[in-house]
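K.L.:
Sharing my_file21.cif (mmCIF, C-alpha atoms) below.
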data_model
loop_
_atom_site.label_atom_id
_atom_site.label_comp_id
_atom_site.auth_asym_id
_atom_site.auth_seq_id
_atom_site.Cartn_x
_atom_site.Cartn_y
_atom_site.Cartn_z
CA MET A 1 13.14 4.84 -11.57
CA ALA A 2 12.02 1.96 -9.41
CA HIS A 3 12.97 -1.56 -10.54
CA ILE A 4 9.29 -2.55 -10.66
CA GLN A 5 6.08 -0.85 -11.76
CA LEU A 6 4.62 0.64 -8.56
CA ASP A 7 1.73 2.52 -10.23
CA ASN A 8 2.12 5.48 -7.88
CA ASP A 9 4.51 8.42 -7.58
CA LEU A 10 5.13 8.29 -3.84
CA PRO A 11 8.79 8.43 -2.77
CA GLY A 12 10.87 5.87 -0.88
CA ILE A 13 9.16 3.28 1.23
CA ARG A 14 5.79 5.01 0.82
CA GLY A 15 5.64 3.95 -2.83
CA LEU A 16 6.32 0.35 -1.78
CA MET A 17 3.73 0.49 0.97
CA ALA A 18 1.06 1.70 -1.42
CA TYR A 19 2.05 -1.09 -3.83
CA ARG A 20 1.83 -3.83 -1.18
CA PRO A 21 -0.58 -2.86 1.64
CA GLU A 22 -0.57 -6.37 3.17
CA ILE A 23 3.11 -5.83 3.95
CA ALA A 24 2.77 -2.15 4.83
CA GLU A 25 0.59 -2.97 7.81
CA PRO A 26 3.13 -4.97 9.88
CA LEU A 27 6.00 -2.71 8.74
CA ASN A 28 4.18 0.39 9.95
CA LEU A 29 3.19 -1.26 13.22
CA LEU A 30 6.84 -2.21 13.74
CA ALA A 31 8.02 1.37 13.11
CA GLU A 32 5.28 2.79 15.33
CA THR A 33 6.12 0.40 18.19
CA LEU A 34 9.87 0.85 17.97
CA LEU A 35 10.12 4.55 17.23
CA ARG A 36 7.01 6.36 18.37
CA ASN A 37 5.22 4.40 21.14
CA ASP A 38 5.69 6.43 24.33
CA ASN A 39 5.83 3.39 26.59
CA ASN A 40 9.62 3.46 26.28
CA THR A 41 12.45 4.89 28.41
CA LEU A 42 14.34 5.99 25.31
CA THR A 43 12.93 9.22 23.92
CA ARG A 44 11.45 9.36 20.44
CA GLY A 45 14.37 11.55 19.45
CA GLU A 46 16.92 9.02 20.70
CA ARG A 47 15.22 6.17 18.87
CA GLU A 48 14.92 8.17 15.63
CA LEU A 49 18.61 9.03 15.96
CA ILE A 50 19.53 5.33 16.08
CA GLY A 51 17.44 4.75 12.92
CA THR A 52 19.04 7.77 11.25
CA TYR A 53 22.57 6.70 12.07
CA VAL A 54 22.09 3.16 10.77
CA SER A 55 20.47 4.52 7.59
CA TYR A 56 23.49 6.79 7.17
CA LEU A 57 25.85 3.81 7.55
CA ASN A 58 23.77 1.94 4.96
CA ASP A 59 23.92 5.03 2.73
CA CYS A 60 20.13 5.13 2.29
CA PHE A 61 19.31 8.72 1.31
CA PHE A 62 15.55 8.53 1.81
CA CYS A 63 15.62 6.88 5.25
CA GLN A 64 18.44 8.95 6.73
CA ASN A 65 16.69 12.16 5.69
CA VAL A 66 13.17 11.18 6.81
CA HIS A 67 14.38 9.92 10.18
CA GLY A 68 17.09 12.57 10.56
CA ALA A 69 14.43 15.27 10.18
CA LEU A 70 12.23 13.50 12.73
CA ALA A 71 15.17 13.19 15.17
CA GLY A 72 15.87 16.91 14.72
CA HIS A 73 12.20 17.70 15.28
CA TYR A 74 12.03 15.74 18.53
CA MET A 75 15.45 16.87 19.78
CA GLN A 76 14.68 20.46 18.80
CA CYS A 77 17.90 20.90 16.91
CA ASP A 78 18.53 21.83 13.31
CA ILE A 79 19.40 19.34 10.61
CA GLY A 80 23.03 20.50 10.63
CA GLU A 81 23.45 19.16 14.16
CA ILE A 82 21.97 15.82 13.12
CA GLU A 83 24.46 15.74 10.23
CA ASN A 84 27.31 16.32 12.70
CA ILE A 85 26.13 13.46 14.93
CA LYS A 86 25.92 11.13 11.93
CA GLN A 87 29.47 11.97 10.88
CA ASP A 88 31.01 11.68 14.36
CA PHE A 89 28.68 10.75 17.20
CA ARG A 90 31.59 10.10 19.57
CA SER A 91 32.45 13.78 19.81
CA ALA A 92 28.84 15.02 19.62
CA GLU A 93 26.96 16.56 22.52
CA ILE A 94 24.79 13.59 23.33
CA SER A 95 24.65 11.54 26.54
CA PRO A 96 27.38 8.95 27.25
CA LYS A 97 24.62 6.31 27.35
CA MET A 98 23.46 7.32 23.87
CA LYS A 99 27.03 7.05 22.59
CA THR A 100 27.31 3.47 23.84
CA LEU A 101 23.94 2.61 22.26
CA LEU A 102 25.00 4.12 18.92
CA SER A 103 28.17 2.05 19.13
CA ILE A 104 26.04 -1.09 19.47
CA ALA A 105 23.91 0.05 16.51
CA GLU A 106 27.09 0.55 14.50
CA SER A 107 28.11 -3.06 15.21
CA VAL A 108 24.65 -4.44 14.37
CA GLN A 109 24.80 -2.66 11.00
CA LYS A 110 27.94 -4.64 10.16
CA GLY A 111 26.46 -7.92 11.40
CA GLY A 112 24.76 -9.26 14.52
CA LYS A 113 27.82 -11.17 15.70
CA GLN A 114 29.86 -7.95 15.78
CA VAL A 115 28.19 -6.89 19.04
CA THR A 116 30.61 -7.77 21.86
CA SER A 117 30.06 -8.47 25.54
CA ALA A 118 32.43 -5.57 26.29
CA GLN A 119 30.15 -3.20 24.38
CA ILE A 120 27.14 -4.47 26.29
CA GLU A 121 28.98 -4.01 29.60
CA ALA A 122 30.00 -0.47 28.67
CA THR A 123 26.40 0.35 27.81
CA LYS A 124 25.10 -1.04 31.10
CA ALA A 125 27.80 0.93 32.97
CA GLU A 126 26.32 4.10 31.45
CA GLY A 127 22.91 3.15 32.84
CA ALA A 128 21.23 1.47 29.86
CA THR A 129 18.60 -1.13 30.74
CA ASP A 130 18.18 -4.54 29.11
CA ILE A 131 15.07 -3.30 27.30
CA GLU A 132 16.97 -0.28 25.96
CA ILE A 133 19.73 -2.56 24.66
CA HIS A 134 17.10 -4.85 23.14
CA ASP A 135 15.33 -1.98 21.42
CA THR A 136 18.59 -0.50 20.14
CA VAL A 137 19.58 -3.81 18.53
CA LEU A 138 16.12 -4.24 17.01
CA ILE A 139 15.94 -0.65 15.72
CA ALA A 140 19.37 -1.02 14.12
CA ALA A 141 18.45 -4.41 12.66
CA SER A 142 15.12 -3.13 11.36
CA PHE A 143 16.83 -0.28 9.49
CA CYS A 144 19.10 -2.86 7.87
CA MET A 145 15.80 -4.15 6.47
CA PHE A 146 14.07 -0.83 5.68
CA ASN A 147 17.20 0.56 3.95
CA ARG A 148 17.66 -2.56 1.79
CA TYR A 149 13.97 -2.59 0.91
CA VAL A 150 14.02 1.05 -0.19
CA ASP A 151 17.29 0.86 -2.15
CA GLY A 152 16.97 -2.74 -3.34
CA LEU A 153 13.89 -1.80 -5.37
CA GLY A 154 15.46 1.42 -6.64
CA THR A 155 12.79 3.78 -5.27
CA TRP A 156 13.10 7.52 -5.90
CA ALA A 157 13.74 10.11 -3.18
CA PRO A 158 13.32 13.90 -3.21
CA GLN A 159 16.83 15.38 -3.30
CA ASP A 160 16.00 18.61 -1.43
CA LYS A 161 16.74 17.90 2.24
CA GLN A 162 14.41 20.71 3.29
CA PHE A 163 11.49 18.64 1.96
CA TYR A 164 12.08 16.15 4.78
CA VAL A 165 12.52 18.84 7.44
CA GLU A 166 9.22 20.45 6.50
CA ARG A 167 7.38 17.16 6.52
CA ALA A 168 8.69 15.95 9.90
CA PRO A 169 6.26 17.76 12.26
CA ARG A 170 3.22 16.26 10.57
CA ARG A 171 4.72 12.78 10.55
CA ALA A 172 5.62 13.19 14.25
CA GLU A 173 2.04 14.13 15.00
CA GLU A 174 0.26 11.55 12.86
CA GLY A 175 2.59 8.62 13.42
CA TYR A 176 3.59 5.87 11.05
CA GLN A 177 0.30 4.05 10.72
CA SER A 178 -1.89 6.92 9.63
CA SER A 179 0.39 8.65 7.16
CA VAL A 180 1.37 5.94 4.71
CA TYR A 181 -0.31 7.17 1.59
CA LYS A 182 -0.16 10.91 2.21
CA MET B 1 24.71 -16.60 26.96
CA PRO B 2 22.39 -13.89 25.69
CA HIS B 3 23.59 -10.28 26.11
CA ILE B 4 20.49 -9.42 28.15
CA ASN B 5 18.46 -11.35 30.72
CA LEU B 6 15.59 -12.83 28.68
CA SER B 7 14.13 -14.89 31.58
CA ASN B 8 12.96 -17.78 29.39
CA ASP B 9 14.49 -20.83 27.73
CA PHE B 10 13.06 -20.63 24.24
CA PRO B 11 15.66 -20.72 21.45
CA GLY B 12 16.62 -18.01 18.94
CA ILE B 13 14.07 -15.37 18.00
CA ARG B 14 11.39 -17.12 20.05
CA SER B 15 13.22 -16.06 23.24
CA LEU B 16 13.07 -12.45 22.04
CA PHE B 17 9.38 -12.73 21.13
CA VAL B 18 8.57 -13.97 24.64
CA TYR B 19 10.73 -11.21 26.16
CA ARG B 20 9.13 -8.36 24.17
CA PRO B 21 5.58 -9.20 23.00
CA GLU B 22 4.99 -5.62 21.77
CA THR B 23 7.57 -6.01 19.01
CA ALA B 24 6.86 -9.73 18.51
CA ALA B 25 3.39 -8.90 17.15
CA PRO B 26 4.50 -6.94 14.04
CA LEU B 27 7.55 -9.18 13.49
CA ASN B 28 5.37 -12.30 13.45
CA ALA B 29 2.70 -10.63 11.31
CA LEU B 30 5.41 -9.67 8.81
CA VAL B 31 6.90 -13.15 8.52
CA GLN B 32 3.43 -14.68 8.22
CA ALA B 33 2.52 -12.28 5.38
CA MET B 34 5.84 -12.75 3.55
CA LEU B 35 6.37 -16.48 3.88
CA HIS B 36 3.21 -18.34 4.83
CA ASN B 37 0.14 -16.61 3.41
CA PRO B 38 -1.01 -17.67 -0.08
CA HIS B 39 0.97 -16.14 -2.96
CA PRO B 40 -0.01 -16.06 -6.65
CA SER B 41 3.37 -17.08 -8.07
CA LEU B 42 5.87 -18.12 -5.38
CA SER B 43 5.21 -21.22 -3.27
CA ALA B 44 5.74 -21.13 0.50
CA GLY B 45 8.67 -23.52 -0.02
CA GLU B 46 10.32 -21.16 -2.54
CA ARG B 47 9.89 -18.18 -0.21
CA GLU B 48 11.34 -20.19 2.70
CA LEU B 49 14.33 -21.06 0.50
CA ILE B 50 14.98 -17.33 -0.09
CA ALA B 51 14.84 -16.77 3.69
CA THR B 52 17.11 -19.76 4.39
CA TYR B 53 19.62 -18.73 1.74
CA THR B 54 19.84 -15.14 3.03
CA SER B 55 20.18 -16.34 6.63
CA ASN B 56 23.05 -18.59 5.59
CA LEU B 57 24.80 -15.67 3.86
CA ASN B 58 24.44 -13.77 7.14
CA THR B 59 25.80 -16.86 8.97
CA CYS B 60 22.82 -16.91 11.34
CA PHE B 61 22.75 -20.49 12.64
CA TYR B 62 19.28 -20.39 14.19
CA CYS B 63 17.50 -18.75 11.23
CA THR B 64 19.28 -20.91 8.64
CA ASN B 65 18.31 -24.09 10.47
CA ILE B 66 14.72 -23.22 11.36
CA HIS B 67 13.84 -21.82 7.92
CA GLY B 68 15.76 -24.66 6.25
CA ALA B 69 13.55 -27.07 8.21
CA ILE B 70 10.37 -25.17 7.33
CA ALA B 71 11.43 -25.12 3.66
CA LYS B 72 12.04 -28.87 3.78
CA HIS B 73 8.54 -29.51 5.13
CA GLN B 74 6.97 -27.08 2.63
CA LEU B 75 8.78 -28.90 -0.21
CA GLY B 76 7.43 -32.39 0.45
CA ASN B 77 9.97 -33.31 3.15
CA ASP B 78 12.88 -32.89 0.71
CA ALA B 79 16.01 -31.96 2.68
CA GLU B 80 18.22 -32.36 -0.38
CA ILE B 81 16.81 -29.26 -2.16
CA VAL B 82 17.60 -27.14 0.87
CA LYS B 83 21.12 -28.52 1.16
CA GLN B 84 21.84 -27.91 -2.53
CA VAL B 85 20.44 -24.38 -2.55
CA LEU B 86 22.74 -23.50 0.35
CA ALA B 87 25.73 -25.13 -1.34
CA ASN B 88 25.16 -23.64 -4.82
CA PRO B 89 21.84 -22.29 -6.10
CA ASP B 90 22.99 -22.48 -9.74
CA THR B 91 23.20 -26.26 -9.67
CA ALA B 92 20.31 -26.88 -7.23
CA PRO B 93 17.13 -28.60 -8.46
CA VAL B 94 15.00 -25.43 -8.44
CA SER B 95 13.44 -23.40 -11.28
CA ASN B 96 15.49 -20.93 -13.30
CA LYS B 97 13.18 -18.21 -12.00
CA LEU B 98 14.06 -19.06 -8.39
CA LYS B 99 17.77 -19.16 -9.27
CA ALA B 100 17.50 -15.63 -10.67
CA LEU B 101 15.59 -14.48 -7.57
CA LEU B 102 18.23 -15.98 -5.28
CA LYS B 103 20.84 -13.89 -7.12
CA ILE B 104 18.81 -10.80 -6.29
CA ALA B 105 18.53 -11.94 -2.66
CA ALA B 106 22.32 -12.25 -2.45
CA LYS B 107 22.70 -8.70 -3.80
CA VAL B 108 20.22 -7.37 -1.25
CA GLN B 109 22.11 -9.14 1.53
CA SER B 110 25.31 -7.31 0.58
CA GLY B 111 23.45 -3.96 0.29
CA GLY B 112 20.29 -2.64 -1.36
CA LYS B 113 22.14 -0.56 -3.95
CA ASN B 114 23.90 -3.67 -5.27
CA VAL B 115 20.74 -4.81 -7.07
CA THR B 116 21.18 -3.79 -10.72
CA ASP B 117 18.77 -3.27 -13.61
CA ALA B 118 20.46 -6.27 -15.24
CA ASP B 119 19.68 -8.50 -12.22
CA VAL B 120 16.03 -7.47 -12.43
CA GLU B 121 15.87 -7.90 -16.23
CA PHE B 122 17.40 -11.34 -15.94
CA ALA B 123 14.82 -12.40 -13.32
CA ARG B 124 12.05 -11.12 -15.61
CA SER B 125 13.46 -13.05 -18.55
CA GLU B 126 13.21 -16.19 -16.39
CA GLY B 127 9.54 -15.48 -15.75
CA ALA B 128 9.59 -13.47 -12.51
CA THR B 129 6.74 -10.99 -12.03
CA ASP B 130 7.08 -7.59 -10.39
CA LEU B 131 5.47 -9.07 -7.30
CA ASP B 132 8.03 -11.90 -7.23
CA ILE B 133 10.87 -9.37 -7.45
CA HIS B 134 9.30 -7.14 -4.80
CA ASP B 135 8.76 -10.02 -2.40
CA THR B 136 12.26 -11.42 -2.96
CA VAL B 137 13.85 -8.06 -2.12
CA LEU B 138 11.64 -7.72 0.93
CA ILE B 139 12.27 -11.26 2.22
CA ALA B 140 16.04 -10.87 1.79
CA ALA B 141 15.92 -7.43 3.47
CA ALA B 142 13.75 -8.71 6.32
CA PHE B 143 16.16 -11.56 7.03
CA CYS B 144 18.98 -9.01 7.23
CA MET B 145 16.89 -7.74 10.17
CA TYR B 146 15.86 -11.03 11.78
CA ASN B 147 19.41 -12.44 11.52
CA ARG B 148 20.95 -9.35 13.14
CA TYR B 149 18.30 -9.35 15.86
CA VAL B 150 18.92 -13.02 16.73
CA ASP B 151 22.74 -12.76 16.64
CA GLY B 152 23.03 -9.18 17.90
CA LEU B 153 21.51 -10.21 21.24
CA ALA B 154 23.44 -13.51 21.31
CA THR B 155 20.37 -15.72 21.72
CA TRP B 156 20.60 -19.43 22.53
CA GLN B 157 20.85 -21.41 19.27
CA PRO B 158 20.96 -25.13 20.06
CA ASN B 159 22.93 -27.37 17.72
CA ASN B 160 20.30 -30.08 17.31
CA GLY B 161 18.89 -31.00 13.91
CA GLU B 162 15.96 -32.91 15.37
CA LEU B 163 14.82 -29.85 17.32
CA TYR B 164 14.78 -27.63 14.22
CA ASP B 165 13.01 -30.32 12.23
CA LYS B 166 10.21 -30.57 14.80
CA MET B 167 9.84 -26.81 15.09
CA GLY B 168 9.96 -26.51 11.30
CA GLU B 169 7.22 -29.09 10.86
CA GLN B 170 4.99 -27.12 13.24
CA ARG B 171 5.58 -23.81 11.44
CA ALA B 172 5.09 -25.32 7.96
CA ARG B 173 1.74 -26.67 9.09
CA GLU B 174 0.48 -23.88 11.36
CA GLY B 175 2.24 -20.75 10.17
CA TYR B 176 3.96 -18.30 12.48
CA LEU B 177 1.19 -17.06 14.71
CA THR B 178 0.64 -20.04 17.04
CA PRO B 179 2.53 -20.32 20.36
CA PRO B 180 5.87 -22.16 20.33
CA LYS B 181 6.35 -25.43 22.20
CA LYS B 182 8.85 -25.51 25.05
CA VAL B 183 12.01 -27.40 24.14
CA SER B 184 11.58 -29.50 27.33
CA GLU B 185 8.14 -30.63 26.09
CA MET B 186 9.12 -31.53 22.55
CA GLU B 187 9.82 -35.26 23.09
CA LEU B 188 13.17 -35.24 21.33
CA THR B 189 14.66 -38.69 20.97
CA GLY B 190 18.33 -38.05 20.46
CA ILE B 191 19.68 -35.04 22.42
#
Will you turn the file into C-alpha cells for me?

P.N.:
Amino acid sequence: MAHIQLDNDLPGIRGLMAYRPEIAEPLNLLAETLLRNDNNTLTRGERELIGTYVSYLNDCFFCQNVHGALAGHYMQCDIGEIENIKQDFRSAEISPKMKTLLSIAESVQKGGKQVTSAQIEATKAEGATDIEIHDTVLIAASFCMFNRYVDGLGTWAPQDKQFYVERAPRRAEEGYQSSVYK
Amino acid sequence: MPHINLSNDFPGIRSLFVYRPETAAPLNALVQAMLHNPHPSLSAGERELIATYTSNLNTCFYCTNIHGAIAKHQLGNDAEIVKQVLANPDTAPVSNKLKALLKIAAKVQSGGKNVTDADVEFARSEGATDLDIHDTVLIAAAFCMYNRYVDGLATWQPNNGELYDKMGEQRAREGYLTPPKKVSEMELTGI
C-alpha cells in the first residue's frame, strides 16, 4: 500500500502522476525527450536499456519491468534476453559502444563523481559522441529520481512480468505524454 | 574540466541547460513546479532547504551552494538557518514538521525503499500532509538526479560564495525560468 492516499488504483509512477498532474507534466516531457524522441543517435531500445539497467541496480521492480519490456519491444528480443543483459551486460551481445555507455550509467547510479575520465575516454574510443555521453548520464541520473519516487512512496506494482510485456507495444506507440492515466 | 565539450562558460547545471535546451525545458519546468510555485503547506524556503540538504548528502558542491543561497533569500536573508540545517537538522531552528520531512529526504537519498511506514507516521504526527510527504520524496528524488547530472558530467563549479549568493537572489526573486546571467557580467566584487 502506498505511503499516502493517492485516491486511484494505478500502479507505480502512474498512480503518482494521477495524484499530482502539475508534476506529471514535466516528468513525462522529460521521459519523452530522453527516451522516445527520435531526434537522437541512440536508438529508443538503447535508451530504454540504460533506464532498465539503472532501475535494476536501484532494485525498482516497477521501473525495470516497464522499461525492460519497452527495451525488448524496440530491440525485438524476448524479456529473457533483457534479463541476461541486466545481470551481466559485459558478456551480452550488445555493441562495444553500448557496453561503455552502460558502464557510465553504472557509475552514475552510485554517484555522479564515480564517472572517471578513463571511462569517458573508453566510450569515445568506441565512437560515442558528446551528446550520447550527455544523454546517458542524464538518463541514468533521471532513473535515480524515478526509482526513488516510485519506491519512496511505496507504490504498488503488478507482480506478473507478462503484464509489462503485453503493455509495452501500446506504450511504445502512444509515448509517455499521452498514456499517463490509462 | 567537464567530461564533454559544452562550449559555454556557465557554471554547474546551467552549462548543461545551455548545451542541451531540449532536456533543459522539462528539467527547469520540474524544478519550478517543485520549488518555486505556490504551495498550500510548504514555503519555498522550506522546499529549498530539502533540496539543499539532499544535495549536501550527495556532496554536490554546485547544487548545495546554489540552493543554499536560494533558501537563504527565500528565508528572509537568513544564512544561519541553512548552515544549521546542513550541520544537524535536529537542532536547527526549523519546525518539527520540517525536521521529520528532512528525515524522509535522507532516507530517499540513500534509496527509495529505505522510507518506512514509521518515518511517514512520524511526519504525519508532526503535522505533515500527504502532499507534504509526496513533495518531500519527489524533491529528494529529483535532487538525486540533478546532483548526479551536474557531477556525472564534471561541470565547472566555482568556489565563490558571492557568485552563488547573487545567482540565488535572482532565482529566489524570479524563479527558474528566466535566462541566467553570464558570470563575466555579474559585477562580483571579490573574486

K.L.:
Any chance you could work out the residue set of the PyMOL selection byres ((chain B) within 6 of (chain A)) here, as a VMD selection string?

P.N.:
chain B and resid 4 26 29 to 30 112 to 113 115 130 138 141 to 142 144 to 145 148 to 149 151 to 152

K.L.:
May I have the residues from that selection written out with C-alpha atoms, as a PDB file, in the coordinates of the input?

P.N.:
ATOM      1  CA  ILE B   4      20.490  -9.420  28.150  1.00  0.00           C
ATOM      2  CA  PRO B  26       4.500  -6.940  14.040  1.00  0.00           C
ATOM      3  CA  ALA B  29       2.700 -10.630  11.310  1.00  0.00           C
ATOM      4  CA  LEU B  30       5.410  -9.670   8.810  1.00  0.00           C
ATOM      5  CA  GLY B 112      20.290  -2.640  -1.360  1.00  0.00           C
ATOM      6  CA  LYS B 113      22.140  -0.560  -3.950  1.00  0.00           C
ATOM      7  CA  VAL B 115      20.740  -4.810  -7.070  1.00  0.00           C
ATOM      8  CA  ASP B 130       7.080  -7.590 -10.390  1.00  0.00           C
ATOM      9  CA  LEU B 138      11.640  -7.720   0.930  1.00  0.00           C
ATOM     10  CA  ALA B 141      15.920  -7.430   3.470  1.00  0.00           C
ATOM     11  CA  ALA B 142      13.750  -8.710   6.320  1.00  0.00           C
ATOM     12  CA  CYS B 144      18.980  -9.010   7.230  1.00  0.00           C
ATOM     13  CA  MET B 145      16.890  -7.740  10.170  1.00  0.00           C
ATOM     14  CA  ARG B 148      20.950  -9.350  13.140  1.00  0.00           C
ATOM     15  CA  TYR B 149      18.300  -9.350  15.860  1.00  0.00           C
ATOM     16  CA  ASP B 151      22.740 -12.760  16.640  1.00  0.00           C
ATOM     17  CA  GLY B 152      23.030  -9.180  17.900  1.00  0.00           C
TER      18      GLY B 152
END

K.L.:
Of the candidates B:Val85, B:Leu49, B:Val183, B:Ala79, which shows the shortest atom-to-atom distance to Trp156 in chain B, using only C-alpha atoms?

P.N.:
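Going through B:Val85, B:Leu49, B:Val183, B:Ala79 one by one, the smallest distance to Trp156 in chain B is for B:Val183.
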
K.L.:
Evaluate the PyMOL selection byres ((chain B and resi 97) around 10) against this structure - the residues, as a compact mmCIF listing (two decimals) with C-alpha atoms, in the coordinates of the input, please.

P.N.:
# COMPACT_ATOMS: atom_id res chain seq x y z
CA LEU B 42 5.87 -18.12 -5.38
CA VAL B 94 15.00 -25.43 -8.44
CA SER B 95 13.44 -23.40 -11.28
CA ASN B 96 15.49 -20.93 -13.30
CA LEU B 98 14.06 -19.06 -8.39
CA LYS B 99 17.77 -19.16 -9.27
CA ALA B 100 17.50 -15.63 -10.67
CA LEU B 101 15.59 -14.48 -7.57
CA LEU B 102 18.23 -15.98 -5.28
CA PHE B 122 17.40 -11.34 -15.94
CA ALA B 123 14.82 -12.40 -13.32
CA ARG B 124 12.05 -11.12 -15.61
CA SER B 125 13.46 -13.05 -18.55
CA GLU B 126 13.21 -16.19 -16.39
CA GLY B 127 9.54 -15.48 -15.75
CA ALA B 128 9.59 -13.47 -12.51
CA THR B 129 6.74 -10.99 -12.03
CA ASP B 132 8.03 -11.90 -7.23

K.L.:
Apply the PyMOL selection byres ((chain B and resi 12) around 8) to the structure shown and report the selected residues as a list in words.

P.N.:
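Output of the PyMOL selection byres ((chain B and resi 12) around 8): Phe10, Pro11, Ile13, Arg14, Ser15, Leu16, Tyr62, Cys63, Val150, Thr155, Trp156 and Gln157 of chain B.
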
K.L.:
May I have the selected residues written with C-alpha atoms, as an mmCIF file, in the coordinates of the input?

P.N.:
data_model
loop_
_atom_site.group_PDB
_atom_site.id
_atom_site.type_symbol
_atom_site.label_atom_id
_atom_site.label_comp_id
_atom_site.auth_asym_id
_atom_site.auth_seq_id
_atom_site.Cartn_x
_atom_site.Cartn_y
_atom_site.Cartn_z
ATOM 1 C CA PHE B 10 13.060 -20.630 24.240
ATOM 2 C CA PRO B 11 15.660 -20.720 21.450
ATOM 3 C CA ILE B 13 14.070 -15.370 18.000
ATOM 4 C CA ARG B 14 11.390 -17.120 20.050
ATOM 5 C CA SER B 15 13.220 -16.060 23.240
ATOM 6 C CA LEU B 16 13.070 -12.450 22.040
ATOM 7 C CA TYR B 62 19.280 -20.390 14.190
ATOM 8 C CA CYS B 63 17.500 -18.750 11.230
ATOM 9 C CA VAL B 150 18.920 -13.020 16.730
ATOM 10 C CA THR B 155 20.370 -15.720 21.720
ATOM 11 C CA TRP B 156 20.600 -19.430 22.530
ATOM 12 C CA GLN B 157 20.850 -21.410 19.270
#

K.L.:
Which of these residues is nearest to His3 in chain B, using all atoms listed in the file: B:Leu35, B:Val82, B:Ala154, B:Met167?

P.N.:
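Under the stated criterion, the closest residue is B:Ala154.
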
K.L.:
Here is a test: counting all atoms listed in the file, which residue of B:Lys107, B:Lys182, B:Arg171, B:Lys166 is nearest to Asn8 in chain B?

P.N.:
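The closest residue to Asn8 in chain B is B:Lys182.
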